[in-house]
file coords_27.pdb (PDB, C-alpha atoms and all ligand atoms)
ATOM      1  CA  MET G 195      17.277 -48.557 -24.873
ATOM      2  CA  SER G 196      14.807 -48.120 -22.102
ATOM      3  CA  ALA G 197      14.144 -44.912 -20.196
ATOM      4  CA  LEU G 198      14.296 -46.832 -16.921
ATOM      5  CA  ASP G 199      17.674 -47.268 -15.223
ATOM      6  CA  LEU G 200      17.858 -51.066 -15.161
ATOM      7  CA  ARG G 201      20.962 -52.806 -13.857
ATOM      8  CA  LEU G 202      22.245 -56.343 -13.740
ATOM      9  CA  ALA G 203      22.409 -57.618 -10.137
ATOM     10  CA  PRO G 204      25.728 -59.136  -9.085
ATOM     11  CA  MET G 205      25.580 -62.937  -9.014
ATOM     12  CA  ALA G 206      28.543 -65.063  -7.950
ATOM     13  CA  GLY G 207      29.558 -67.549 -10.607
ATOM     14  CA  VAL G 208      27.300 -65.883 -13.173
ATOM     15  CA  THR G 209      27.921 -62.186 -13.750
ATOM     16  CA  ASN G 210      31.451 -62.336 -15.099
ATOM     17  CA  ALA G 211      32.752 -60.129 -17.900
ATOM     18  CA  PRO G 212      31.030 -61.902 -20.854
ATOM     19  CA  PHE G 213      27.574 -61.927 -19.261
ATOM     20  CA  ARG G 214      27.923 -58.365 -18.001
ATOM     21  CA  LEU G 215      28.876 -57.109 -21.446
ATOM     22  CA  VAL G 216      25.951 -58.941 -23.046
ATOM     23  CA  ALA G 217      23.620 -57.343 -20.488
ATOM     24  CA  ARG G 218      25.117 -53.929 -21.250
ATOM     25  CA  GLU G 219      24.628 -54.480 -24.998
ATOM     26  CA  CYS G 220      20.983 -55.317 -24.234
ATOM     27  CA  GLY G 221      20.580 -51.997 -22.391
ATOM     28  CA  ALA G 222      21.671 -52.591 -18.793
ATOM     29  CA  GLY G 223      23.065 -49.519 -17.010
ATOM     30  CA  ARG G 224      25.972 -49.361 -14.579
ATOM     31  CA  LEU G 225      27.360 -52.864 -14.034
ATOM     32  CA  THR G 226      28.660 -54.549 -10.872
ATOM     33  CA  SER G 227      31.108 -57.432 -10.628
ATOM     34  CA  GLU G 228      30.236 -60.488  -8.628
ATOM     35  CA  GLU G 229      31.439 -60.526  -5.011
ATOM     36  CA  ILE G 230      35.229 -60.482  -4.659
ATOM     37  CA  ASP G 231      36.770 -61.691  -1.384
ATOM     38  CA  ALA G 232      38.907 -58.807  -0.088
ATOM     39  CA  ARG G 233      41.332 -61.018   1.820
ATOM     40  CA  ALA G 234      41.938 -63.361  -1.121
ATOM     41  CA  LEU G 235      42.424 -60.378  -3.440
ATOM     42  CA  VAL G 236      45.008 -58.774  -1.177
ATOM     43  CA  HIS G 237      46.792 -62.145  -0.968
ATOM     44  CA  ASP G 238      46.928 -62.321  -4.784
ATOM     45  CA  ASN G 239      44.840 -65.483  -5.010
ATOM     46  CA  ALA G 240      44.833 -66.321  -8.741
ATOM     47  CA  ARG G 241      41.153 -67.312  -8.924
ATOM     48  CA  THR G 242      40.140 -64.124  -7.126
ATOM     49  CA  LEU G 243      42.257 -61.971  -9.429
ATOM     50  CA  ALA G 244      40.468 -63.628 -12.373
ATOM     51  CA  LEU G 245      37.094 -62.563 -10.846
ATOM     52  CA  ALA G 246      38.254 -58.953 -11.007
ATOM     53  CA  ALA G 247      38.978 -59.165 -14.749
ATOM     54  CA  TYR G 248      36.770 -57.044 -16.986
ATOM     55  CA  LEU G 249      36.462 -55.827 -20.561
ATOM     56  CA  PRO G 250      36.996 -52.115 -21.250
ATOM     57  CA  GLU G 251      33.605 -51.848 -23.024
ATOM     58  CA  GLU G 252      31.880 -52.755 -19.760
ATOM     59  CA  ARG G 253      32.701 -49.501 -18.060
ATOM     60  CA  PRO G 254      31.245 -47.905 -16.036
ATOM     61  CA  LEU G 255      31.737 -50.957 -13.835
ATOM     62  CA  ALA G 256      31.633 -51.126 -10.034
ATOM     63  CA  MET G 257      33.493 -53.925  -8.300
ATOM     64  CA  GLN G 258      31.880 -55.576  -5.285
ATOM     65  CA  LEU G 259      33.889 -56.522  -2.205
ATOM     66  CA  LEU G 260      33.101 -59.113   0.423
ATOM     67  CA  GLY G 261      34.852 -58.860   3.783
ATOM     68  CA  GLU G 262      34.657 -57.896   7.432
ATOM     69  CA  ASP G 263      38.081 -56.364   8.119
ATOM     70  CA  PRO G 264      38.038 -52.604   7.472
ATOM     71  CA  ASP G 265      41.726 -52.331   6.596
ATOM     72  CA  LEU G 266      41.723 -55.338   4.283
ATOM     73  CA  LEU G 267      38.594 -54.019   2.569
ATOM     74  CA  ALA G 268      40.263 -50.633   2.135
ATOM     75  CA  GLU G 269      43.423 -52.165   0.672
ATOM     76  CA  ALA G 270      41.382 -54.340  -1.701
ATOM     77  CA  ALA G 271      39.332 -51.306  -2.747
ATOM     78  CA  ARG G 272      42.492 -49.315  -3.517
ATOM     79  CA  ARG G 273      43.770 -52.165  -5.677
ATOM     80  CA  LEU G 274      40.495 -52.478  -7.572
ATOM     81  CA  GLU G 275      40.349 -48.750  -8.214
ATOM     82  CA  ALA G 276      43.950 -48.808  -9.417
ATOM     83  CA  ALA G 277      42.930 -51.615 -11.792
ATOM     84  CA  GLY G 278      40.165 -49.426 -13.264
ATOM     85  CA  ALA G 279      37.045 -49.976 -11.144
ATOM     86  CA  ASP G 280      34.634 -47.043 -11.560
ATOM     87  CA  GLY G 281      33.253 -47.576  -8.082
ATOM     88  CA  ILE G 282      33.383 -49.900  -5.100
ATOM     89  CA  ASP G 283      30.332 -51.710  -3.748
ATOM     90  CA  LEU G 284      30.288 -53.393  -0.332
ATOM     91  CA  ASN G 285      28.415 -56.694  -0.067
ATOM     92  CA  MET G 286      26.130 -56.647   3.004
ATOM     93  CA  GLY G 287      23.657 -59.220   1.721
ATOM     94  CA  CYS G 288      25.309 -62.561   1.067
ATOM     95  CA  PRO G 289      23.329 -65.122   3.155
ATOM     96  CA  VAL G 290      25.652 -68.125   2.692
ATOM     97  CA  ALA G 291      26.355 -69.836   6.072
ATOM     98  CA  LYS G 292      30.128 -70.002   5.744
ATOM     99  CA  ILE G 293      30.258 -66.328   4.728
ATOM    100  CA  VAL G 294      28.093 -64.977   7.563
ATOM    101  CA  ALA G 295      30.000 -67.223  10.022
ATOM    102  CA  LYS G 296      33.030 -65.040   9.202
ATOM    103  CA  GLY G 297      31.071 -61.883   9.947
ATOM    104  CA  GLN G 298      30.826 -61.017   6.237
ATOM    105  CA  GLY G 299      27.941 -60.347   3.842
ATOM    106  CA  ALA G 300      24.544 -60.177   5.578
ATOM    107  CA  ALA G 301      26.241 -60.580   8.997
ATOM    108  CA  LEU G 302      27.210 -56.897   8.696
ATOM    109  CA  MET G 303      23.487 -56.033   8.911
ATOM    110  CA  ARG G 304      23.463 -57.100  12.567
ATOM    111  CA  ASP G 305      26.747 -55.422  13.431
ATOM    112  CA  PRO G 306      26.136 -51.699  12.846
ATOM    113  CA  LEU G 307      29.219 -50.711  14.858
ATOM    114  CA  ARG G 308      31.497 -52.684  12.597
ATOM    115  CA  ALA G 309      29.566 -51.568   9.517
ATOM    116  CA  GLY G 310      30.116 -47.950  10.556
ATOM    117  CA  VAL G 311      33.869 -48.438  10.898
ATOM    118  CA  ILE G 312      33.985 -50.169   7.508
ATOM    119  CA  PHE G 313      32.045 -47.308   5.845
ATOM    120  CA  ARG G 314      34.417 -44.730   7.338
ATOM    121  CA  THR G 315      37.576 -46.660   6.431
ATOM    122  CA  LEU G 316      36.378 -47.409   2.903
ATOM    123  CA  ARG G 317      35.290 -43.801   2.390
ATOM    124  CA  LYS G 318      38.838 -42.645   3.091
ATOM    125  CA  ALA G 319      40.301 -45.248   0.707
ATOM    126  CA  VAL G 320      37.886 -44.940  -2.231
ATOM    127  CA  ALA G 321      38.197 -41.946  -4.552
ATOM    128  CA  GLY G 322      35.212 -42.807  -6.779
ATOM    129  CA  PRO G 323      31.640 -43.711  -5.878
ATOM    130  CA  LEU G 324      31.224 -45.944  -2.811
ATOM    131  CA  THR G 325      27.996 -47.921  -2.643
ATOM    132  CA  ILE G 326      26.577 -50.705  -0.489
ATOM    133  CA  LYS G 327      24.178 -53.553  -1.224
ATOM    134  CA  ILE G 328      22.056 -54.466   1.781
ATOM    135  CA  ARG G 329      19.255 -56.809   2.759
ATOM    136  CA  GLY G 330      16.157 -55.845   4.746
ATOM    137  CA  GLY G 331      17.900 -57.022   7.892
ATOM    138  CA  TRP G 332      19.097 -60.185   9.590
ATOM    139  CA  ASP G 333      15.671 -61.665  10.363
ATOM    140  CA  ASP G 334      12.074 -60.486  10.680
ATOM    141  CA  ARG G 335      12.688 -59.210  14.214
ATOM    142  CA  SER G 336      15.547 -57.002  13.071
ATOM    143  CA  VAL G 337      14.544 -55.270   9.847
ATOM    144  CA  ASN G 338      17.036 -52.400  10.066
ATOM    145  CA  ALA G 339      17.731 -51.500   6.430
ATOM    146  CA  PRO G 340      16.648 -47.840   6.960
ATOM    147  CA  GLU G 341      18.995 -47.458   9.972
ATOM    148  CA  ILE G 342      21.935 -49.010   8.129
ATOM    149  CA  ALA G 343      21.176 -46.807   5.117
ATOM    150  CA  ARG G 344      21.135 -43.657   7.277
ATOM    151  CA  LEU G 345      24.402 -44.680   8.923
ATOM    152  CA  ALA G 346      25.991 -45.293   5.518
ATOM    153  CA  GLU G 347      24.794 -41.934   4.223
ATOM    154  CA  SER G 348      26.207 -40.148   7.256
ATOM    155  CA  GLU G 349      29.594 -41.766   6.557
ATOM    156  CA  GLY G 350      29.616 -40.568   2.946
ATOM    157  CA  VAL G 351      28.303 -43.594   1.044
ATOM    158  CA  ASP G 352      27.047 -42.480  -2.401
ATOM    159  CA  GLY G 353      24.312 -45.006  -3.125
ATOM    160  CA  ILE G 354      22.435 -47.943  -1.659
ATOM    161  CA  THR G 355      20.983 -51.056  -3.268
ATOM    162  CA  VAL G 356      18.294 -52.851  -1.270
ATOM    163  CA  HIS G 357      17.298 -56.478  -1.686
ATOM    164  CA  PRO G 358      14.614 -56.351   1.016
ATOM    165  CA  ARG G 359      14.463 -60.005   2.002
ATOM    166  CA  THR G 360      16.104 -60.708   5.361
ATOM    167  CA  ARG G 361      19.032 -63.066   5.674
ATOM    168  CA  SER G 362      16.685 -65.651   7.232
ATOM    169  CA  GLN G 363      14.432 -65.468   4.184
ATOM    170  CA  GLN G 364      17.399 -66.243   1.900
ATOM    171  CA  TYR G 365      15.602 -66.229  -1.497
ATOM    172  CA  THR G 366      12.223 -67.556  -0.330
ATOM    173  CA  GLY G 367       8.853 -65.812  -0.229
ATOM    174  CA  ARG G 368       8.183 -62.529  -1.981
ATOM    175  CA  ALA G 369      10.591 -59.602  -1.650
ATOM    176  CA  PRO G 370       8.835 -57.038   0.620
ATOM    177  CA  TRP G 371       9.130 -53.929  -1.562
ATOM    178  CA  ASP G 372       7.783 -51.712   1.246
ATOM    179  CA  VAL G 373      11.211 -51.981   2.884
ATOM    180  CA  ILE G 374      12.717 -50.412  -0.264
ATOM    181  CA  ALA G 375      10.260 -47.522   0.109
ATOM    182  CA  GLU G 376      11.319 -47.121   3.759
ATOM    183  CA  VAL G 377      14.974 -46.846   2.720
ATOM    184  CA  VAL G 378      14.091 -44.336  -0.013
ATOM    185  CA  ALA G 379      12.311 -42.252   2.624
ATOM    186  CA  ALA G 380      15.253 -42.527   5.033
ATOM    187  CA  VAL G 381      18.073 -41.173   2.840
ATOM    188  CA  ARG G 382      18.808 -38.626   0.126
ATOM    189  CA  VAL G 383      21.364 -40.685  -1.815
ATOM    190  CA  PRO G 384      19.981 -42.693  -4.749
ATOM    191  CA  VAL G 385      18.454 -46.046  -3.846
ATOM    192  CA  THR G 386      18.396 -48.994  -6.233
ATOM    193  CA  GLY G 387      15.582 -51.462  -5.615
ATOM    194  CA  ASN G 388      16.034 -55.188  -6.180
ATOM    195  CA  GLY G 389      13.999 -58.334  -5.791
ATOM    196  CA  ASP G 390      11.566 -60.336  -7.966
ATOM    197  CA  VAL G 391      11.742 -58.029 -11.003
ATOM    198  CA  GLU G 392      11.374 -60.058 -14.190
ATOM    199  CA  SER G 393      10.233 -57.506 -16.750
ATOM    200  CA  HIS G 394      10.053 -53.817 -17.604
ATOM    201  CA  ALA G 395       6.524 -53.761 -16.247
ATOM    202  CA  ASP G 396       7.766 -55.167 -12.909
ATOM    203  CA  ALA G 397      10.550 -52.568 -12.814
ATOM    204  CA  ALA G 398       8.111 -49.727 -13.512
ATOM    205  CA  ALA G 399       5.838 -51.104 -10.771
ATOM    206  CA  MET G 400       8.737 -51.201  -8.306
ATOM    207  CA  ILE G 401       9.662 -47.598  -9.087
ATOM    208  CA  ALA G 402       6.037 -46.509  -8.717
ATOM    209  CA  ALA G 403       5.634 -48.398  -5.425
ATOM    210  CA  THR G 404       8.917 -47.372  -3.800
ATOM    211  CA  GLY G 405      10.295 -44.231  -5.459
ATOM    212  CA  CYS G 406      13.644 -45.963  -6.076
ATOM    213  CA  ALA G 407      15.958 -44.373  -8.658
ATOM    214  CA  ALA G 408      17.079 -47.558 -10.392
ATOM    215  CA  VAL G 409      16.210 -51.251 -10.429
ATOM    216  CA  MET G 410      18.498 -54.275 -10.325
ATOM    217  CA  ILE G 411      17.477 -57.519 -12.004
ATOM    218  CA  GLY G 412      19.162 -60.779 -10.979
ATOM    219  CA  ARG G 413      17.475 -64.110 -11.603
ATOM    220  CA  GLY G 414      15.102 -62.491 -14.098
ATOM    221  CA  ALA G 415      18.090 -61.926 -16.417
ATOM    222  CA  LEU G 416      19.307 -65.535 -16.377
ATOM    223  CA  GLY G 417      18.812 -66.942 -19.873
ATOM    224  CA  ARG G 418      17.113 -63.691 -20.868
ATOM    225  CA  PRO G 419      19.507 -60.720 -20.846
ATOM    226  CA  TRP G 420      17.188 -59.093 -23.421
ATOM    227  CA  VAL G 421      14.942 -58.292 -20.412
ATOM    228  CA  PHE G 422      16.931 -55.023 -20.297
ATOM    229  CA  ARG G 423      15.663 -54.017 -23.775
ATOM    230  CA  GLY G 424      12.125 -53.590 -22.556
ATOM    231  CA  VAL G 425      10.569 -54.618 -25.860
ATOM    232  CA  GLU G 426       9.619 -57.955 -27.377
ATOM    233  CA  VAL G 427      12.818 -59.432 -28.772
ATOM    234  CA  ALA G 428      12.394 -61.575 -31.875
ATOM    235  CA  ARG G 429      13.663 -65.122 -31.932
ATOM    236  CA  ASP G 430      16.491 -64.431 -34.392
ATOM    237  CA  GLU G 431      17.665 -61.463 -32.290
ATOM    238  CA  ARG G 432      17.693 -63.704 -29.241
ATOM    239  CA  ALA G 433      19.782 -66.230 -31.142
ATOM    240  CA  ALA G 434      22.241 -63.451 -32.034
ATOM    241  CA  VAL G 435      22.563 -62.451 -28.366
ATOM    242  CA  ILE G 436      23.204 -66.093 -27.403
ATOM    243  CA  ARG G 437      25.871 -66.453 -30.141
ATOM    244  CA  ARG G 438      27.538 -63.243 -29.007
ATOM    245  CA  HIS G 439      27.516 -64.413 -25.371
ATOM    246  CA  ALA G 440      29.017 -67.797 -26.265
ATOM    247  CA  ALA G 441      31.712 -66.125 -28.392
ATOM    248  CA  LEU G 442      32.644 -63.777 -25.520
ATOM    249  CA  ILE G 443      32.877 -66.713 -23.123
ATOM    250  CA  GLU G 444      35.178 -68.616 -25.460
ATOM    251  CA  ALA G 445      37.302 -65.560 -26.200
ATOM    252  CA  HIS G 446      37.798 -64.294 -22.659
ATOM    253  CA  LEU G 447      37.714 -67.219 -20.238
ATOM    254  CA  ALA G 448      40.223 -70.028 -19.763
ATOM    255  CA  GLU G 449      39.201 -73.406 -21.184
ATOM    256  CA  ARG G 450      37.691 -75.007 -18.082
ATOM    257  CA  PRO G 451      35.722 -72.029 -16.756
ATOM    258  CA  ALA G 452      34.609 -71.350 -20.332
ATOM    259  CA  LEU G 453      33.061 -74.818 -20.622
ATOM    260  CA  VAL G 454      31.369 -74.465 -17.216
ATOM    261  CA  GLN G 455      29.940 -71.054 -18.175
ATOM    262  CA  LEU G 456      28.743 -72.267 -21.584
ATOM    263  CA  LYS G 457      26.852 -75.148 -20.005
ATOM    264  CA  LYS G 458      25.293 -73.001 -17.296
ATOM    265  CA  HIS G 459      24.169 -70.190 -19.576
ATOM    266  CA  LEU G 460      23.050 -72.348 -22.514
ATOM    267  CA  ALA G 461      20.996 -74.420 -20.047
ATOM    268  CA  TRP G 462      19.324 -71.171 -18.900
ATOM    269  CA  TYR G 463      18.796 -70.063 -22.510
ATOM    270  CA  SER G 464      17.091 -73.382 -23.172
ATOM    271  CA  ASP G 465      14.590 -72.902 -20.320
ATOM    272  CA  GLY G 466      11.099 -72.923 -21.723
ATOM    273  CA  LEU G 467      12.067 -74.526 -25.043
ATOM    274  CA  PRO G 468      10.280 -77.785 -25.844
ATOM    275  CA  PHE G 469      12.296 -80.828 -24.649
ATOM    276  CA  ALA G 470      14.655 -78.574 -22.625
ATOM    277  CA  ALA G 471      14.230 -80.658 -19.482
ATOM    278  CA  ARG G 472      15.347 -83.756 -21.380
ATOM    279  CA  ALA G 473      18.268 -81.956 -23.047
ATOM    280  CA  ARG G 474      19.686 -80.440 -19.856
ATOM    281  CA  PRO G 475      21.530 -83.601 -18.779
ATOM    282  CA  ALA G 476      23.096 -83.787 -22.260
ATOM    283  CA  ILE G 477      24.241 -80.149 -21.990
ATOM    284  CA  PHE G 478      25.858 -80.816 -18.630
ATOM    285  CA  ALA G 479      27.416 -84.116 -19.754
ATOM    286  CA  ALA G 480      29.086 -82.560 -22.812
ATOM    287  CA  ARG G 481      32.876 -82.502 -22.808
ATOM    288  CA  THR G 482      33.582 -79.805 -25.381
ATOM    289  CA  PRO G 483      31.991 -76.500 -26.439
ATOM    290  CA  THR G 484      31.102 -78.093 -29.797
ATOM    291  CA  GLU G 485      29.102 -80.828 -28.046
ATOM    292  CA  VAL G 486      27.269 -78.216 -25.921
ATOM    293  CA  TYR G 487      26.403 -76.199 -29.052
ATOM    294  CA  GLU G 488      25.142 -79.261 -30.900
ATOM    295  CA  VAL G 489      22.676 -80.105 -28.157
ATOM    296  CA  PHE G 490      21.613 -76.490 -27.693
ATOM    297  CA  TRP G 491      21.099 -75.446 -31.319
ATOM    298  CA  ARG G 492      19.268 -78.684 -32.084
ATOM    299  CA  LEU G 493      16.804 -77.731 -29.318
ATOM    300  CA  TRP G 494      16.585 -74.155 -30.495
TER     301      TRP G 494
HETATM  302  C1  LIG Y 501      23.314 -67.396  -7.946
HETATM  303  C2  LIG Y 501      23.260 -66.057  -7.227
HETATM  304  C3  LIG Y 501      24.442 -65.447  -6.856
HETATM  305  C4  LIG Y 501      24.407 -64.212  -6.181
HETATM  306  N1  LIG Y 501      25.588 -63.594  -5.883
HETATM  307  C5  LIG Y 501      25.566 -62.339  -5.351
HETATM  308  C6  LIG Y 501      26.775 -61.595  -5.169
HETATM  309  O1  LIG Y 501      27.885 -62.046  -5.501
HETATM  310  N2  LIG Y 501      26.670 -60.346  -4.624
HETATM  311  C7  LIG Y 501      25.460 -59.796  -4.263
HETATM  312  O2  LIG Y 501      25.416 -58.669  -3.778
HETATM  313  N3  LIG Y 501      24.306 -60.482  -4.438
HETATM  314  C8  LIG Y 501      24.336 -61.716  -4.994
HETATM  315  N4  LIG Y 501      23.147 -62.355  -5.239
HETATM  316  C9  LIG Y 501      21.867 -61.677  -4.936
HETATM  317  C10 LIG Y 501      21.344 -60.919  -6.155
HETATM  318  O3  LIG Y 501      22.228 -59.857  -6.504
HETATM  319  C11 LIG Y 501      19.947 -60.324  -5.878
HETATM  320  O4  LIG Y 501      20.037 -59.451  -4.780
HETATM  321  C12 LIG Y 501      18.902 -61.406  -5.587
HETATM  322  O5  LIG Y 501      19.008 -62.491  -6.486
HETATM  323  C13 LIG Y 501      17.474 -60.817  -5.632
HETATM  324  O6  LIG Y 501      17.207 -60.260  -6.898
HETATM  325  P1  LIG Y 501      16.354 -61.038  -8.027
HETATM  326  O7  LIG Y 501      15.008 -61.368  -7.416
HETATM  327  O8  LIG Y 501      16.251 -60.067  -9.167
HETATM  328  O9  LIG Y 501      17.112 -62.280  -8.376
HETATM  329  C14 LIG Y 501      23.166 -63.600  -5.866
HETATM  330  C15 LIG Y 501      21.994 -64.237  -6.240
HETATM  331  C16 LIG Y 501      22.012 -65.451  -6.916
HETATM  332  C17 LIG Y 501      20.711 -66.097  -7.332
END
call {"tool": "encode", "arguments": {"input": "coords_27.pdb", "output": "structure tokens", "more": "lines below"}}
Ligand SMILES: Cc1cc2nc3c(=O)[nH]c(=O)nc-3n(C[C@H](O)[C@H](O)[C@H](O)COP(=O)(O)O)c2cc1C
result
Amino acid sequence: MSALDLRLAPMAGVTNAPFRLVARECGAGRLTSEEIDARALVHDNARTLALAAYLPEERPLAMQLLGEDPDLLAEAARRLEAAGADGIDLNMGCPVAKIVAKGQGAALMRDPLRAGVIFRTLRKAVAGPLTIKIRGGWDDRSVNAPEIARLAESEGVDGITVHPRTRSQQYTGRAPWDVIAEVVAAVRVPVTGNGDVESHADAAAMIAATGCAAVMIGRGALGRPWVFRGVEVARDERAAVIRRHAALIEAHLAERPALVQLKKHLAWYSDGLPFAARARPAIFAARTPTEVYEVFWRLW
């Protein structure tokens, strides 16, 4: 295990229980669920309830909420804590058009009044750690991550993750790490830096450049959860991690989502292998797990 506090970034449709546990087994620290819609959770939507499922070995596990209504967020947070969440994280970064149109995700970055009410309401509802995950701001004329971080701290938020791109930047360009340093300077609560980290060396560089306490890795962990180990991982060890991940998917997800997840993750695991580009269509065309495995292990 590495001395750095490296965490798996929440990714919708990707960081479900099997992938989170694999990341943990590779050395990832505190885990976070993918975004869970507070309204759908409170209305007992079956697909949303499935997103909140976790494996006991994953703990400590924070659950991330998406929403704009303080009372609904508070009710959802109470339910998640009752179900075993070790912390609640508020999503203030999702850039997706239909999400921000509802005032959720990154839209909260340009609505500090509402954000303040949400922090206060959630703080009263949440017994365990309350954290937020923010962007740099809405666009390059409104980079307000330090202000939002200060506001959150004053309302009792326990930790802040910063992905410093603005909403307008989406995932383009380089993540401006200096904004992480500005947030670190603005608050006393621990700050987790995030954005463009693909290796231990990158994580160490981010910590050196910004003073952040922990680092979250998102896309850099896709198809390579061993990034959390921080050492060269031999080919047969990689194969063992992939087998373990596939077994967890089959054991813990329903048939259809299991097939979708197998295809997605095995396609990522095949990135960089010779002939992977040609095999991808075959992976996605497969109709059963056995077919997916045949294509994948032949490549491997
Ligand atoms: C497919 C995908 C889904 C994501 N879903 C979420 C999410 O549910 N909640 C969240 O806070 N961030 C989400 N993110 C953002 C990541 O957590 C992270 O902030 C971003 O990818 C930058 O980090 P990276 O450069 O290490 O990938 C998502 C990113 C991707 C690529």
call {"tool": "residues_around", "arguments": {"input": "coords_27.pdb", "residues": "Ala473 (chain G)", "least_positions_apart": "6", "cutoff": "9 Å", "atoms": "all atoms listed in the file", "output": "mmCIF file with C-alpha atoms, in the frame of the given file"}}
result
data_model
loop_
_atom_site.group_PDB
_atom_site.id
_atom_site.type_symbol
_atom_site.label_atom_id
_atom_site.label_comp_id
_atom_site.auth_asym_id
_atom_site.auth_seq_id
_atom_site.Cartn_x
_atom_site.Cartn_y
_atom_site.Cartn_z
ATOM 1 C CA ALA G 461 20.996 -74.420 -20.047
ATOM 2 C CA SER G 464 17.091 -73.382 -23.172
ATOM 3 C CA VAL G 489 22.676 -80.105 -28.157
ATOM 4 C CA PHE G 490 21.613 -76.490 -27.693
ATOM 5 C CA LEU G 493 16.804 -77.731 -29.318
#
call {"tool": "closest_residue", "arguments": {"input": "coords_27.pdb", "among": "G:Leu267, G:Ala397, G:Val377, G:Ile312", "to": "ligand LIG 501 (chain Y)", "atoms": "only C-alpha atoms and all ligand atoms"}}
result
G:Ala397
call {"tool": "atom_distance", "arguments": {"input": "coords_27.pdb", "atom1": "CA of Arg201 (chain G)", "atom2": "CA of Val320 (chain G)"}}
result
22.0 Å
call {"tool": "residues_near_ligand", "arguments": {"input": "coords_27.pdb", "ligand": "ligand LIG 501 (chain Y)", "cutoff": "8 Å", "atoms": "only C-alpha atoms and all ligand atoms", "output": "ChimeraX atom specification"}}
result
/G:203-208,227-230,258,284-288,327-328,356-357,365,369,388-392,410-415
call {"tool": "residues_near_point", "arguments": {"input": "coords_27.pdb", "point": "(18.0, -58.4, 6.8)", "cutoff": "8 Å", "atoms": "all atoms listed in the file", "output": "ChimeraX atom specification"}}
result
/G:287,300,303,328-334,336-339,358-362
call {"tool": "resolve_selection", "arguments": {"input": "coords_27.pdb", "expression": "the PyMOL selection byres (((chain G and resi 474) around 10) and not hetatm)", "output": "ChimeraX atom specification"}}
result
/G:457-458,460-462,464-465,469-473,475-479,486,489-490
call {"tool": "residues_around", "arguments": {"input": "coords_27.pdb", "residues": "Ala246 (chain G)", "least_positions_apart": "6", "cutoff": "12 Å", "atoms": "only C-alpha atoms", "output": "mmCIF file with C-alpha atoms, keeping the file's coordinate frame"}}
result
data_model
loop_
_atom_site.group_PDB
_atom_site.id
_atom_site.type_symbol
_atom_site.label_atom_id
_atom_site.label_comp_id
_atom_site.auth_asym_id
_atom_site.auth_seq_id
_atom_site.Cartn_x
_atom_site.Cartn_y
_atom_site.Cartn_z
ATOM 1 C CA ALA G 206 28.543 -65.063 -7.950
ATOM 2 C CA THR G 209 27.921 -62.186 -13.750
ATOM 3 C CA ASN G 210 31.451 -62.336 -15.099
ATOM 4 C CA ALA G 211 32.752 -60.129 -17.900
ATOM 5 C CA THR G 226 28.660 -54.549 -10.872
ATOM 6 C CA SER G 227 31.108 -57.432 -10.628
ATOM 7 C CA GLU G 228 30.236 -60.488 -8.628
ATOM 8 C CA GLU G 229 31.439 -60.526 -5.011
ATOM 9 C CA ILE G 230 35.229 -60.482 -4.659
ATOM 10 C CA ASP G 231 36.770 -61.691 -1.384
ATOM 11 C CA ALA G 232 38.907 -58.807 -0.088
ATOM 12 C CA ALA G 234 41.938 -63.361 -1.121
ATOM 13 C CA LEU G 235 42.424 -60.378 -3.440
ATOM 14 C CA VAL G 236 45.008 -58.774 -1.177
ATOM 15 C CA ASP G 238 46.928 -62.321 -4.784
ATOM 16 C CA ASN G 239 44.840 -65.483 -5.010
ATOM 17 C CA ALA G 240 44.833 -66.321 -8.741
ATOM 18 C CA LEU G 255 31.737 -50.957 -13.835
ATOM 19 C CA ALA G 256 31.633 -51.126 -10.034
ATOM 20 C CA MET G 257 33.493 -53.925 -8.300
ATOM 21 C CA GLN G 258 31.880 -55.576 -5.285
ATOM 22 C CA LEU G 259 33.889 -56.522 -2.205
ATOM 23 C CA ALA G 270 41.382 -54.340 -1.701
ATOM 24 C CA ALA G 271 39.332 -51.306 -2.747
ATOM 25 C CA ARG G 273 43.770 -52.165 -5.677
ATOM 26 C CA LEU G 274 40.495 -52.478 -7.572
ATOM 27 C CA GLU G 275 40.349 -48.750 -8.214
ATOM 28 C CA ALA G 276 43.950 -48.808 -9.417
ATOM 29 C CA ALA G 277 42.930 -51.615 -11.792
ATOM 30 C CA GLY G 278 40.165 -49.426 -13.264
ATOM 31 C CA ALA G 279 37.045 -49.976 -11.144
ATOM 32 C CA ILE G 282 33.383 -49.900 -5.100
#
call {"tool": "atom_distance", "arguments": {"input": "coords_27.pdb", "atom1": "CA of Ala301 (chain G)", "atom2": "CA of Pro289 (chain G)"}}
result
8.0 Å
call {"tool": "closest_residue", "arguments": {"input": "coords_27.pdb", "among": "G:Glu449, G:Asp396, G:Glu485, G:Glu349", "to": "Val383 (chain G)", "atoms": "all atoms listed in the file"}}
result
G:Glu349
call {"tool": "atom_distance", "arguments": {"input": "coords_27.pdb", "atom1": "CA of Met400 (chain G)", "atom2": "CA of Ala346 (chain G)"}}
result
22.9 Å
call {"tool": "resolve_selection", "arguments": {"input": "coords_27.pdb", "expression": "the PyMOL selection byres (((chain G and resi 427-436) around 9) and not hetatm)", "output": "list in words"}}
result
Val216, Glu219, Cys220, Gly417, Arg418, Pro419, Trp420, Val421, Arg423, Gly424, Val425, Glu426, Arg437, Arg438, His439, Ala440, Ala441, His459, Leu460, Tyr463 and Trp494 of chain G
call {"tool": "residues_around", "arguments": {"input": "coords_27.pdb", "residues": "Leu324 (chain G)", "least_positions_apart": "2", "cutoff": "6 Å", "atoms": "all atoms listed in the file", "output": "count of residues only"}}
result
5
call {"tool": "closest_residue", "arguments": {"input": "coords_27.pdb", "among": "G:Pro323, G:Gly353, G:Gly299, G:Gly466", "to": "Asp263 (chain G)", "atoms": "all atoms listed in the file"}}
result
G:Gly299
call {"tool": "closest_residue", "arguments": {"input": "coords_27.pdb", "among": "G:Ala291, G:Leu249, G:Ala319, G:Leu345", "to": "Pro264 (chain G)", "atoms": "only C-alpha atoms"}}
result
G:Ala319
